[in-house]
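This is my_file.txt (compact mmCIF, C-alpha atoms).
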```txt
# COMPACT_ATOMS: atom_id res chain seq x y z
CA MET A 1 42.55 20.18 10.36
CA LYS A 2 40.11 22.42 8.48
CA VAL A 3 37.70 20.41 6.33
CA LEU A 4 35.48 21.97 3.66
CA LEU A 5 32.71 19.66 2.46
CA ILE A 6 30.87 20.49 -0.76
CA SER A 7 27.65 19.01 -2.14
CA ALA A 8 27.72 19.33 -5.93
CA ASN A 9 24.16 18.06 -6.47
CA SER A 10 21.85 20.26 -8.53
CA GLU A 11 19.17 17.73 -9.55
CA ARG A 12 15.72 18.95 -8.49
CA SER A 13 13.43 16.75 -10.64
CA ILE A 14 11.44 15.38 -7.70
CA MET A 15 12.32 17.09 -4.43
CA PRO A 16 15.42 19.04 -3.39
CA VAL A 17 16.97 17.07 -0.53
CA PRO A 18 19.84 18.22 1.69
CA PRO A 19 22.86 15.89 1.43
CA VAL A 20 22.30 13.59 4.40
CA GLY A 21 25.38 11.47 3.68
CA LEU A 22 27.66 14.48 3.44
CA LEU A 23 26.24 15.91 6.66
CA CYS A 24 26.90 12.60 8.43
CA VAL A 25 30.51 12.69 7.24
CA ALA A 26 30.77 16.31 8.37
CA GLN A 27 29.54 15.37 11.84
CA ALA A 28 32.02 12.48 12.00
CA ALA A 29 34.88 14.82 11.04
CA ARG A 30 33.75 17.31 13.68
CA ALA A 31 33.51 14.59 16.33
CA ALA A 32 37.08 13.60 15.46
CA GLY A 33 38.22 17.12 16.33
CA HIS A 34 38.36 18.76 12.91
CA GLU A 35 36.97 22.20 12.10
CA THR A 36 34.26 21.58 9.51
CA ALA A 37 32.29 23.74 7.07
CA VAL A 38 29.60 22.63 4.58
CA ILE A 39 28.59 24.20 1.25
CA ASP A 40 25.50 23.01 -0.63
CA LEU A 41 25.39 24.14 -4.27
CA MET A 42 21.80 22.98 -4.85
CA ALA A 43 20.41 26.43 -5.70
CA GLU A 44 23.63 28.40 -6.06
CA GLU A 45 23.44 30.80 -9.02
CA ASP A 46 27.17 31.53 -9.00
CA PRO A 47 29.03 28.45 -7.68
CA ALA A 48 32.44 29.88 -8.57
CA ALA A 49 31.91 32.99 -6.46
CA ARG A 50 30.61 30.94 -3.53
CA LEU A 51 33.54 28.55 -3.68
CA ASN A 52 36.04 31.37 -4.08
CA HIS A 53 34.68 33.13 -1.00
CA ALA A 54 34.57 29.93 1.07
CA VAL A 55 38.09 28.77 0.23
CA GLU A 56 39.60 32.23 0.77
CA ARG A 57 37.78 32.68 4.08
CA PHE A 58 38.11 29.15 5.46
CA ASP A 59 41.48 28.06 4.00
CA PRO A 60 40.75 24.31 4.12
CA GLY A 61 43.39 21.65 4.55
CA VAL A 62 41.14 19.05 2.85
CA ILE A 63 38.13 19.35 0.54
CA GLY A 64 35.43 16.67 0.42
CA LEU A 65 33.17 16.60 -2.65
CA SER A 66 29.86 14.74 -2.57
CA VAL A 67 28.34 13.48 -5.85
CA ARG A 68 24.72 12.39 -5.40
CA ASN A 69 23.68 11.99 -9.06
CA ILE A 70 25.67 11.04 -12.14
CA ASP A 71 22.82 12.11 -14.44
CA ASP A 72 19.10 12.88 -14.27
CA GLN A 73 18.01 9.41 -15.54
CA SER A 74 16.06 10.96 -18.42
CA MET A 75 16.37 8.95 -21.64
CA ARG A 76 14.75 11.65 -23.73
CA SER A 77 17.23 14.43 -22.88
CA PRO A 78 19.79 13.22 -20.34
CA ARG A 79 21.81 15.71 -18.31
CA PHE A 80 25.29 14.45 -17.42
CA LEU A 81 25.62 16.01 -13.97
CA LEU A 82 29.17 14.83 -13.40
CA ASP A 83 30.36 17.72 -15.57
CA GLU A 84 29.11 20.12 -12.89
CA ALA A 85 31.04 18.24 -10.23
CA ARG A 86 34.16 18.29 -12.41
CA GLU A 87 33.83 22.06 -12.72
CA VAL A 88 33.68 22.29 -8.92
CA THR A 89 36.91 20.28 -8.76
CA ARG A 90 38.53 22.56 -11.34
CA ILE A 91 37.55 25.69 -9.43
CA CYS A 92 38.84 24.28 -6.15
CA ARG A 93 42.12 23.31 -7.81
CA SER A 94 42.55 26.89 -8.99
CA LEU A 95 42.05 28.22 -5.46
CA THR A 96 43.97 25.84 -3.22
CA GLY A 97 46.42 22.97 -3.16
CA ALA A 98 44.32 21.09 -0.59
CA PRO A 99 43.66 17.44 -1.55
CA ILE A 100 40.17 16.74 -2.92
CA VAL A 101 38.39 13.58 -1.78
CA VAL A 102 35.17 12.52 -3.51
CA GLY A 103 32.29 10.39 -2.24
CA GLY A 104 28.50 10.14 -2.31
CA PRO A 105 25.98 7.69 -3.81
CA GLY A 106 26.50 8.70 -7.44
CA TYR A 107 30.26 8.42 -7.12
CA SER A 108 29.98 5.06 -5.33
CA MET A 109 28.59 3.36 -8.44
CA PHE A 110 31.67 4.27 -10.50
CA PRO A 111 34.53 4.59 -7.97
CA GLN A 112 37.52 4.47 -10.33
CA GLU A 113 35.91 5.94 -13.45
CA ALA A 114 34.33 8.87 -11.65
CA LEU A 115 37.53 9.61 -9.73
CA ASP A 116 39.50 9.76 -12.96
CA TYR A 117 36.83 11.88 -14.69
CA LEU A 118 36.65 14.37 -11.85
CA GLY A 119 40.39 14.61 -11.41
CA ALA A 120 40.17 14.28 -7.63
CA ASP A 121 42.97 12.95 -5.44
CA ALA A 122 41.07 10.12 -3.74
CA GLY A 123 37.61 8.63 -3.40
CA ILE A 124 35.61 6.81 -0.74
CA PRO A 125 32.63 4.80 -2.06
CA GLY A 126 29.82 3.73 0.23
CA ASP A 127 29.81 4.59 3.95
CA GLY A 128 32.28 7.41 4.38
CA GLU A 129 32.38 8.30 8.06
CA ASP A 130 35.11 5.93 9.25
CA ALA A 131 37.31 6.00 6.15
CA PHE A 132 37.19 9.79 5.81
CA THR A 133 38.07 10.49 9.43
CA ARG A 134 40.91 7.97 9.22
CA LEU A 135 42.11 9.70 6.05
CA LEU A 136 42.07 13.07 7.82
CA HIS A 137 44.15 11.68 10.68
CA ARG A 138 46.71 10.20 8.32
CA LEU A 139 47.01 13.43 6.33
CA GLU A 140 47.35 15.44 9.52
CA GLN A 141 50.10 13.15 10.82
CA GLY A 142 51.80 12.70 7.46
CA GLU A 143 51.25 8.94 7.62
CA PRO A 144 50.69 6.54 4.69
CA LEU A 145 47.18 6.03 3.31
CA SER A 146 47.63 2.49 2.03
CA ASP A 147 45.53 0.62 4.61
CA ILE A 148 42.47 2.89 4.70
CA PRO A 149 39.48 0.66 3.87
CA ARG A 150 38.15 1.09 0.32
CA LEU A 151 40.16 4.22 -0.43
CA VAL A 152 40.31 4.73 -4.21
CA ARG A 153 43.35 6.48 -5.66
CA PRO A 154 44.49 7.21 -9.20
CA ASP A 155 47.88 5.56 -8.65
CA ALA A 156 46.80 2.45 -6.74
CA PRO A 157 45.15 -0.88 -7.63
CA PRO A 158 41.37 -1.11 -7.14
CA PRO A 159 40.49 -1.69 -3.47
CA GLY A 160 38.36 -4.52 -2.14
CA GLU A 161 34.84 -4.52 -0.77
CA PRO A 162 33.73 -1.35 1.03
CA PHE A 163 33.70 -1.25 4.81
CA ARG A 164 30.09 -1.15 6.05
CA PRO A 165 29.65 -0.88 9.83
CA ARG A 166 26.80 -3.06 11.08
CA ASP A 167 26.10 -0.89 14.13
CA LEU A 168 24.95 2.47 12.76
CA ASP A 169 24.46 3.88 16.27
CA ARG A 170 28.19 4.33 16.56
CA LEU A 171 28.17 6.69 13.57
CA PRO A 172 27.14 10.24 14.56
CA LEU A 173 24.08 11.93 13.11
CA PRO A 174 24.45 15.55 11.91
CA GLU A 175 23.51 18.47 14.11
CA PRO A 176 21.28 21.29 12.73
CA ASP A 177 24.04 23.89 12.53
CA LEU A 178 25.79 21.91 9.78
CA LEU A 179 22.92 22.48 7.33
CA ASP A 180 23.62 25.06 4.63
CA ARG A 181 20.28 26.82 5.11
CA GLY A 182 20.82 29.22 2.23
CA ALA A 183 20.40 26.37 -0.26
CA TYR A 184 16.75 25.68 0.63
CA HIS A 185 13.55 27.65 1.05
CA PRO A 186 12.65 27.39 4.76
CA ASP A 187 8.98 26.61 4.03
CA LYS A 188 9.87 23.81 1.61
CA LEU A 189 12.67 22.08 3.51
CA TRP A 190 12.17 18.48 4.60
CA VAL A 191 15.08 17.36 6.80
CA PRO A 192 16.40 14.00 5.54
CA VAL A 193 16.47 11.10 8.01
CA GLN A 194 18.29 7.86 7.27
CA SER A 195 17.47 5.25 9.89
CA ARG A 196 18.61 2.27 7.79
CA ARG A 197 21.15 1.47 5.11
CA GLY A 198 21.21 -1.46 2.70
CA CYS A 199 18.54 -3.32 0.73
CA PRO A 200 18.23 -7.09 0.13
CA LEU A 201 15.32 -6.92 -2.35
CA GLY A 202 17.39 -7.04 -5.55
CA CYS A 203 15.24 -5.10 -8.03
CA SER A 204 16.81 -5.82 -11.41
CA TYR A 205 17.82 -2.24 -12.22
CA CYS A 206 18.62 -0.85 -8.77
CA SER A 207 22.03 0.38 -7.64
CA THR A 208 21.30 0.51 -3.90
CA ALA A 209 23.08 -2.77 -3.17
CA THR A 210 26.23 -1.41 -4.84
CA ILE A 211 26.10 1.75 -2.74
CA GLU A 212 24.85 0.50 0.64
CA GLY A 213 25.09 -3.30 0.51
CA ARG A 214 22.40 -5.99 0.66
CA VAL A 215 22.27 -6.30 4.45
CA VAL A 216 19.85 -3.95 6.23
CA ARG A 217 21.75 -2.03 8.90
CA LYS A 218 19.66 -0.09 11.41
CA ARG A 219 19.97 2.68 13.96
CA SER A 220 18.05 2.09 17.15
CA PRO A 221 14.65 3.85 17.06
CA GLY A 222 15.46 5.68 20.27
CA GLU A 223 18.64 7.16 18.80
CA VAL A 224 16.77 8.32 15.68
CA VAL A 225 14.03 10.01 17.72
CA ARG A 226 16.48 11.69 20.09
CA TRP A 227 18.20 13.13 17.02
CA MET A 228 14.87 14.33 15.63
CA GLU A 229 14.16 16.02 18.97
CA ARG A 230 17.32 18.10 18.61
CA TRP A 231 16.23 19.27 15.16
CA VAL A 232 12.73 20.08 16.43
CA ALA A 233 14.31 22.16 19.20
CA ALA A 234 16.22 24.03 16.47
CA GLY A 235 12.94 24.91 14.72
CA PHE A 236 12.54 22.08 12.19
CA HIS A 237 9.24 20.18 12.09
CA ARG A 238 9.25 18.43 8.70
CA PHE A 239 11.28 15.32 7.99
CA HIS A 240 11.87 13.01 5.04
CA PHE A 241 12.79 9.39 5.77
CA VAL A 242 15.06 8.56 2.85
CA ASP A 243 15.34 4.86 3.75
CA ASN A 244 14.70 2.85 0.59
CA THR A 245 11.91 0.86 2.25
CA PHE A 246 10.47 2.52 5.35
CA ASN A 247 8.09 -0.38 6.05
CA LEU A 248 10.76 -3.09 6.03
CA PRO A 249 11.41 -4.73 8.39
CA PRO A 250 7.83 -4.14 9.68
CA SER A 251 8.76 -4.62 13.34
CA TYR A 252 11.42 -1.93 13.10
CA ALA A 253 9.07 0.47 11.29
CA GLU A 254 6.41 0.01 13.97
CA ALA A 255 8.91 0.55 16.78
CA LEU A 256 10.16 3.73 15.12
CA CYS A 257 6.63 5.10 14.71
CA ASP A 258 5.82 4.26 18.32
CA ARG A 259 8.88 6.16 19.55
CA ILE A 260 8.01 9.22 17.43
CA SER A 261 4.46 9.22 18.77
CA ALA A 262 5.57 8.73 22.38
CA ALA A 263 8.00 11.64 22.10
CA GLY A 264 5.16 14.01 21.18
CA LEU A 265 7.27 15.74 18.56
CA ASN A 266 4.32 17.10 16.57
CA VAL A 267 6.18 16.60 13.27
CA ARG A 268 5.15 15.85 9.71
CA TRP A 269 7.15 13.42 7.64
CA LEU A 270 7.48 11.65 4.29
CA GLY A 271 8.69 8.13 3.56
CA ILE A 272 9.31 5.56 0.84
CA LEU A 273 7.24 2.36 0.94
CA TYR A 274 7.64 -1.05 -0.64
CA PRO A 275 4.10 -2.26 -1.41
CA ALA A 276 4.63 -5.76 0.00
CA ARG A 277 4.01 -6.60 3.67
CA LEU A 278 2.31 -3.32 4.44
CA THR A 279 -0.20 -3.82 7.25
CA GLY A 280 -3.11 -1.73 8.43
CA ARG A 281 -1.53 -1.59 11.89
CA LEU A 282 1.66 -0.06 10.55
CA VAL A 283 -0.25 2.46 8.43
CA ARG A 284 -2.20 3.55 11.52
CA LYS A 285 1.01 3.96 13.47
CA MET A 286 2.57 5.93 10.61
CA ALA A 287 -0.38 8.32 10.47
CA ARG A 288 -0.38 8.74 14.25
CA ALA A 289 3.35 9.50 14.18
CA GLY A 290 2.93 12.28 11.61
CA CYS A 291 3.32 10.63 8.20
CA ARG A 292 1.61 12.81 5.60
CA GLN A 293 2.91 11.48 2.27
CA VAL A 294 4.70 8.44 0.87
CA SER A 295 6.42 7.47 -2.34
CA LEU A 296 4.85 4.18 -3.35
CA GLY A 297 7.41 2.37 -5.47
CA PHE A 298 5.51 -0.04 -7.71
CA GLU A 299 6.96 0.83 -11.19
CA SER A 300 4.47 -1.29 -13.16
CA GLY A 301 0.89 -2.51 -13.07
CA SER A 302 1.62 -5.62 -15.12
CA PRO A 303 2.23 -8.83 -13.13
CA ARG A 304 4.56 -10.08 -15.85
CA MET A 305 6.62 -6.88 -15.81
CA LEU A 306 6.78 -6.88 -12.02
CA ARG A 307 8.36 -10.34 -12.22
CA ALA A 308 10.78 -9.12 -14.89
CA LEU A 309 11.87 -6.27 -12.61
CA ASN A 310 12.20 -8.75 -9.70
CA LYS A 311 9.49 -7.08 -7.66
CA HIS A 312 8.15 -9.21 -4.83
CA PHE A 313 4.56 -7.99 -4.83
CA SER A 314 1.44 -8.06 -6.98
CA PRO A 315 -0.75 -5.26 -8.38
CA GLU A 316 -3.40 -6.31 -5.86
CA GLU A 317 -0.98 -5.60 -3.00
CA VAL A 318 -0.29 -2.16 -4.44
CA GLU A 319 -4.01 -1.40 -4.64
CA ARG A 320 -4.52 -2.59 -1.09
CA ALA A 321 -1.64 -0.42 0.12
CA ALA A 322 -3.03 2.62 -1.70
CA ARG A 323 -6.47 2.12 -0.12
CA MET A 324 -5.05 1.80 3.39
CA LEU A 325 -2.94 4.92 2.98
CA SER A 326 -5.88 6.91 1.59
CA ASP A 327 -8.10 5.77 4.46
CA HIS A 328 -5.61 7.27 6.90
CA GLY A 329 -5.16 10.56 5.04
CA ILE A 330 -1.66 9.80 3.73
CA ARG A 331 -0.99 11.24 0.28
CA GLN A 332 0.75 9.06 -2.29
CA MET A 333 3.23 9.65 -5.08
CA GLY A 334 3.82 6.75 -7.46
CA PHE A 335 6.19 5.85 -10.26
CA LEU A 336 5.73 4.06 -13.57
CA MET A 337 8.90 2.79 -15.23
CA LEU A 338 8.02 1.83 -18.79
CA GLY A 339 10.08 0.04 -21.43
CA GLY A 340 11.86 -2.62 -19.38
CA PRO A 341 12.74 -6.13 -20.56
CA GLY A 342 9.70 -7.81 -22.10
CA GLU A 343 7.56 -4.68 -22.12
CA THR A 344 4.87 -4.58 -24.81
CA ARG A 345 2.25 -2.07 -25.80
CA ALA A 346 -0.29 -4.26 -24.05
CA SER A 347 1.66 -4.28 -20.77
CA VAL A 348 2.16 -0.50 -21.02
CA GLU A 349 -1.59 0.03 -21.40
CA GLU A 350 -2.16 -2.39 -18.52
CA SER A 351 0.12 -0.29 -16.31
CA VAL A 352 -1.53 2.97 -17.33
CA ALA A 353 -5.01 1.61 -16.60
CA PHE A 354 -3.73 0.34 -13.25
CA ALA A 355 -2.28 3.73 -12.35
CA ASP A 356 -5.57 5.38 -13.25
CA ARG A 357 -7.42 3.09 -10.83
CA LEU A 358 -5.07 3.96 -7.97
CA GLY A 359 -6.06 7.63 -8.00
CA LEU A 360 -2.66 8.80 -6.75
CA ASP A 361 -1.98 12.38 -5.76
CA LEU A 362 1.03 12.43 -8.09
CA LEU A 363 2.44 9.99 -10.64
CA LYS A 364 5.83 10.31 -12.31
CA ILE A 365 6.42 8.34 -15.53
CA THR A 366 9.76 7.47 -17.08
CA VAL A 367 10.40 5.78 -20.42
CA GLY A 368 13.52 3.63 -20.58
CA ILE A 369 15.55 2.39 -17.61
CA ARG A 370 19.01 3.72 -16.75
CA ILE A 371 21.51 0.85 -16.83
CA TYR A 372 23.84 0.76 -13.83
CA PRO A 373 26.85 -1.54 -13.38
CA ASP A 374 26.66 -4.72 -11.30
CA THR A 375 22.91 -5.13 -11.79
CA PRO A 376 20.90 -7.93 -13.45
CA LEU A 377 19.67 -5.38 -15.98
CA ALA A 378 23.24 -4.62 -17.02
CA GLU A 379 23.96 -8.35 -17.45
CA LEU A 380 20.84 -8.74 -19.60
CA ALA A 381 21.77 -5.68 -21.67
CA VAL A 382 25.15 -7.26 -22.43
CA ARG A 383 23.55 -10.57 -23.45
CA GLU A 384 21.13 -8.78 -25.77
CA GLY A 385 23.82 -6.55 -27.26
CA VAL A 386 22.31 -3.32 -25.92
CA ILE A 387 25.71 -2.53 -24.41
CA GLY A 388 29.08 -4.14 -24.93
CA ALA A 389 30.81 -6.35 -22.39
CA GLY A 390 32.98 -4.11 -20.23
CA GLU A 391 31.50 -0.96 -21.77
CA SER A 392 31.58 2.09 -19.54
CA LEU A 393 28.21 3.09 -18.12
CA LEU A 394 29.44 6.34 -16.62
CA ARG A 395 27.65 8.30 -19.30
CA PRO A 396 23.99 7.31 -19.26
CA ARG A 397 22.88 4.26 -21.21
CA PHE A 398 19.28 3.09 -21.18
CA TYR A 399 17.34 -0.09 -21.72
CA LEU A 400 14.22 0.25 -23.88
CA GLU A 401 12.51 -2.88 -25.18
CA LYS A 402 12.75 -3.12 -28.96
CA GLY A 403 9.66 -2.00 -30.83
CA LEU A 404 8.71 0.71 -28.33
CA GLU A 405 10.99 3.44 -29.67
CA GLY A 406 9.42 6.78 -30.54
CA ARG A 407 5.76 5.95 -30.33
CA LEU A 408 5.85 5.20 -26.59
CA GLU A 409 7.29 8.63 -25.81
CA GLU A 410 4.52 10.30 -27.81
CA GLN A 411 1.82 8.20 -26.19
CA VAL A 412 3.09 8.96 -22.68
CA ASP A 413 3.12 12.69 -23.49
CA ALA A 414 -0.54 12.40 -24.52
CA TRP A 415 -1.48 10.52 -21.33
CA VAL A 416 0.28 13.08 -19.15
CA ALA A 417 -1.41 15.97 -20.95
CA GLU A 418 -4.81 14.47 -20.12
CA ARG A 419 -4.11 13.98 -16.39
CA GLU A 420 -3.31 16.83 -14.03
CA GLN A 421 -1.58 14.63 -11.45
CA TRP A 422 0.80 12.92 -13.90
CA GLN A 423 4.31 14.13 -14.75
CA ARG A 424 7.21 13.15 -16.99
```
Produce structure tokens that represent the structure in this file.
Amino acid sequence: MKVLLISANSERSIMPVPPVGLLCVAQAARAAGHETAVIDLMAEEDPAARLNHAVERFDPGVIGLSVRNIDDQSMRSPRFLLDEAREVTRICRSLTGAPIVVGGPGYSMFPQEALDYLGADAGIPGDGEDAFTRLLHRLEQGEPLSDIPRLVRPDAPPPGEPFRPRDLDRLPLPEPDLLDRGAYHPDKLWVPVQSRRGCPLGCSYCSTATIEGRVVRKRSPGEVVRWMERWVAAGFHRFHFVDNTFNLPPSYAEALCDRISAAGLNVRWLGILYPARLTGRLVRKMARAGCRQVSLGFESGSPRMLRALNKHFSPEEVERAARMLSDHGIRQMGFLMLGGPGETRASVEESVAFADRLGLDLLKITVGIRIYPDTPLAELAVREGVIGAGESLLRPRFYLEKGLEGRLEEQVDAWVAEREQWQR
């Protein structure tokens, strides 16, 4: 069967990232014997023309649509990105009668609502490789779809828990030829690597557990490095580990760095760190393996606010992590998330002073926290009357502590204007 997979993501607020999940699904479909093509609309100026050409030329039997972001998480002027994905669905409907199946991290937070909004035929939240290839087989054979794990359909009752394979090594990693190279500038492309899925940390606002589960599932370090070797052989030397917490578990992170170093890949890479349990030994191994920059997710410099966000580290641990990284020549990008439950002007100023002390290479500040379903923040927002019980969160709703409206936005603008490395 011919399978056309489309990434509808156009959000570029931090770093344009190729759709690693979609590419994994594409590789799984290919491994199952299906002819597969991938379109990435990240920088497409005329999506309709691109889709028209692809559908006419490829004549797909099934279309897969990946939705990475529902919105841009900006409280000041939110962009509802699902409208762009719905337009992609409309265009595809006008060109072909092929069924449209939607997936991706953004979709996975709102499986039924997003499916209905997009007007697609079916949806697969969470890990998509197994369910999508099973769906393709059933469609090809004309068999019923009723027992496909976690398949969401407009005319069926909500499915149960998503199927999440524990052994990620049995799921194929994408080969370089699947990348839609026209969507990215060659000198700015960082190839995404996902060595782990799932996060048990339970930050109060985070949707990762909904998308990937709370259990950390890992690929073997050797399998990850062998895959990287194939991409290096194809001319790629920059990688972005998109794992939510590269340094956890520490033993796995060290083993992965050791394998990269031993392979002599001569690569540069980025990662995302959780400030707790970061050791000097791991930082040395990261630098030796080619790490050049990390996103340091601390979100606040106030101990009280860190507890409110269910962060399991202290400001002192963040400072220690920043020093170790600087000592080994690893650049750092940080995030401040202001306005959460219990935030005060004093705690905001405490966080700003803390960020100043860190001397980061880049700091991104947000005001207000996007409320996602099935999170402690959503439960609190209901109790406080910020949102109604059962209210749809598909269109962006934000939590901002009362008393901080208006003035906080203006103050943050002033702080950013005074600091070259800070951004909104």
Check: Interatomic distance between atom CA of Arg217 of chain A and atom CA of Phe239 of chain A?
Finding: 20.3 Å
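Distances from A:Val3, A:Val17, A:Leu256, A:Leu273 to Ile100 of chain A were compared using only C-alpha atoms, and the smallest one belongs to A:Val3.
In terms of minimum interatomic distance to Trp190 of chain A, A:Leu270 ranks closest within A:Met286, A:Leu168, A:Leu135, A:Leu270, counting only C-alpha atoms.
From atom CA of Arg214 of chain A back to atom CA of Leu136 of chain A, the distance works out to 28.3 Å.
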Quick one: 8 Å padding each side, axis-aligned, all listed atoms of segment 278-295 of chain A - centre and edge lengths in Å to one decimal, as lines of an AutoDock Vina configuration file?
```
center_x = 1.7
center_y = 4.5
center_z = 6.0
size_x = 25.5
size_y = 32.6
size_z = 32.6
```
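With atom CA of Asn9 of chain A on one side and atom CA of Thr210 of chain A on the other, the separation reads 19.6 Å.
Compared by their closest atoms to Trp422 of chain A, and using only C-alpha atoms, the residues A:Asp116, A:Glu223, A:Asp361, A:Glu45 rank with A:Asp361 nearest.
Minimum distance to Glu299 of chain A across A:Gly368, A:Pro249, A:Gly104, A:Gly280 (counting only C-alpha atoms) occurs at A:Gly368.
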Next item on the list: Could you give me, as an NGL selection string, the residues within 9 Å of Ile6 of chain A, counting all atoms listed in the file and dropping anything in the same chain fewer than 5 positions from it?
Entry: :A and (22 or 37-41 or 51 or 63-66 or 88)
Check: Which residue gives the smallest distance to Gly198 of chain A among A:Leu248, A:Thr366, A:Pro78, A:Pro149, with only C-alpha atoms counted?
Finding: A:Leu248
Next item on the list: Write out as a ChimeraX atom specification which residues come within 8 Å of Asn69 of chain A when counting only C-alpha atoms, dropping same-chain ones fewer than 6 positions away.
Entry: /A:9,11,81-82,105-107
Based on the selection just made, write C-alpha atoms of those residues as a compact mmCIF listing (two decimals), in the coordinates of the input.
```
# COMPACT_ATOMS: atom_id res chain seq x y z
CA ASN A 9 24.16 18.06 -6.47
CA GLU A 11 19.17 17.73 -9.55
CA LEU A 81 25.62 16.01 -13.97
CA LEU A 82 29.17 14.83 -13.40
CA PRO A 105 25.98 7.69 -3.81
CA GLY A 106 26.50 8.70 -7.44
CA TYR A 107 30.26 8.42 -7.12
```
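Among the candidates A:Ala346, A:Ile371, A:Ala355, A:Cys92, the one nearest to Ala49 of chain A when counting only C-alpha atoms is A:Cys92.
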With the cut-off set at 12 Å and counting only C-alpha atoms, tabulate each residue of segment 184-257 of chain A with an atom at most that distance from an atom of segment 121-125 of chain A, showing the nearest atom pair and its distance in Å to one decimal, ordered by chain and increasing number, as a Markdown table.
```
| residue | atom | partner | partner_atom | distance |
| --- | --- | --- | --- | --- |
| A:Thr210 | CA | A:Pro125 | CA | 9.3 |
| A:Ile211 | CA | A:Pro125 | CA | 7.2 |
| A:Glu212 | CA | A:Pro125 | CA | 9.3 |
| A:Gly213 | CA | A:Pro125 | CA | 11.4 |
```
Check: Hey, what's within 9 Å of Ile272 of chain A if we count all atoms listed in the file and toss same-chain stuff fewer than 4 positions away? As a list in words, please?
Finding: His240, Phe241, Val242, Asp243, Asn244, Thr245, Phe246, Asn247, Gln293, Val294, Ser295, Leu296 and Gly297 of chain A
What would the file look like if the residues just selected were written as a PDB file, keeping the file's coordinate frame with C-alpha atoms?
```pdb
ATOM      1  CA  HIS A 240      11.870  13.010   5.040  1.00  0.00           C
ATOM      2  CA  PHE A 241      12.790   9.390   5.770  1.00  0.00           C
ATOM      3  CA  VAL A 242      15.060   8.560   2.850  1.00  0.00           C
ATOM      4  CA  ASP A 243      15.340   4.860   3.750  1.00  0.00           C
ATOM      5  CA  ASN A 244      14.700   2.850   0.590  1.00  0.00           C
ATOM      6  CA  THR A 245      11.910   0.860   2.250  1.00  0.00           C
ATOM      7  CA  PHE A 246      10.470   2.520   5.350  1.00  0.00           C
ATOM      8  CA  ASN A 247       8.090  -0.380   6.050  1.00  0.00           C
ATOM      9  CA  GLN A 293       2.910  11.480   2.270  1.00  0.00           C
ATOM     10  CA  VAL A 294       4.700   8.440   0.870  1.00  0.00           C
ATOM     11  CA  SER A 295       6.420   7.470  -2.340  1.00  0.00           C
ATOM     12  CA  LEU A 296       4.850   4.180  -3.350  1.00  0.00           C
ATOM     13  CA  GLY A 297       7.410   2.370  -5.470  1.00  0.00           C
TER      14      GLY A 297
END
```
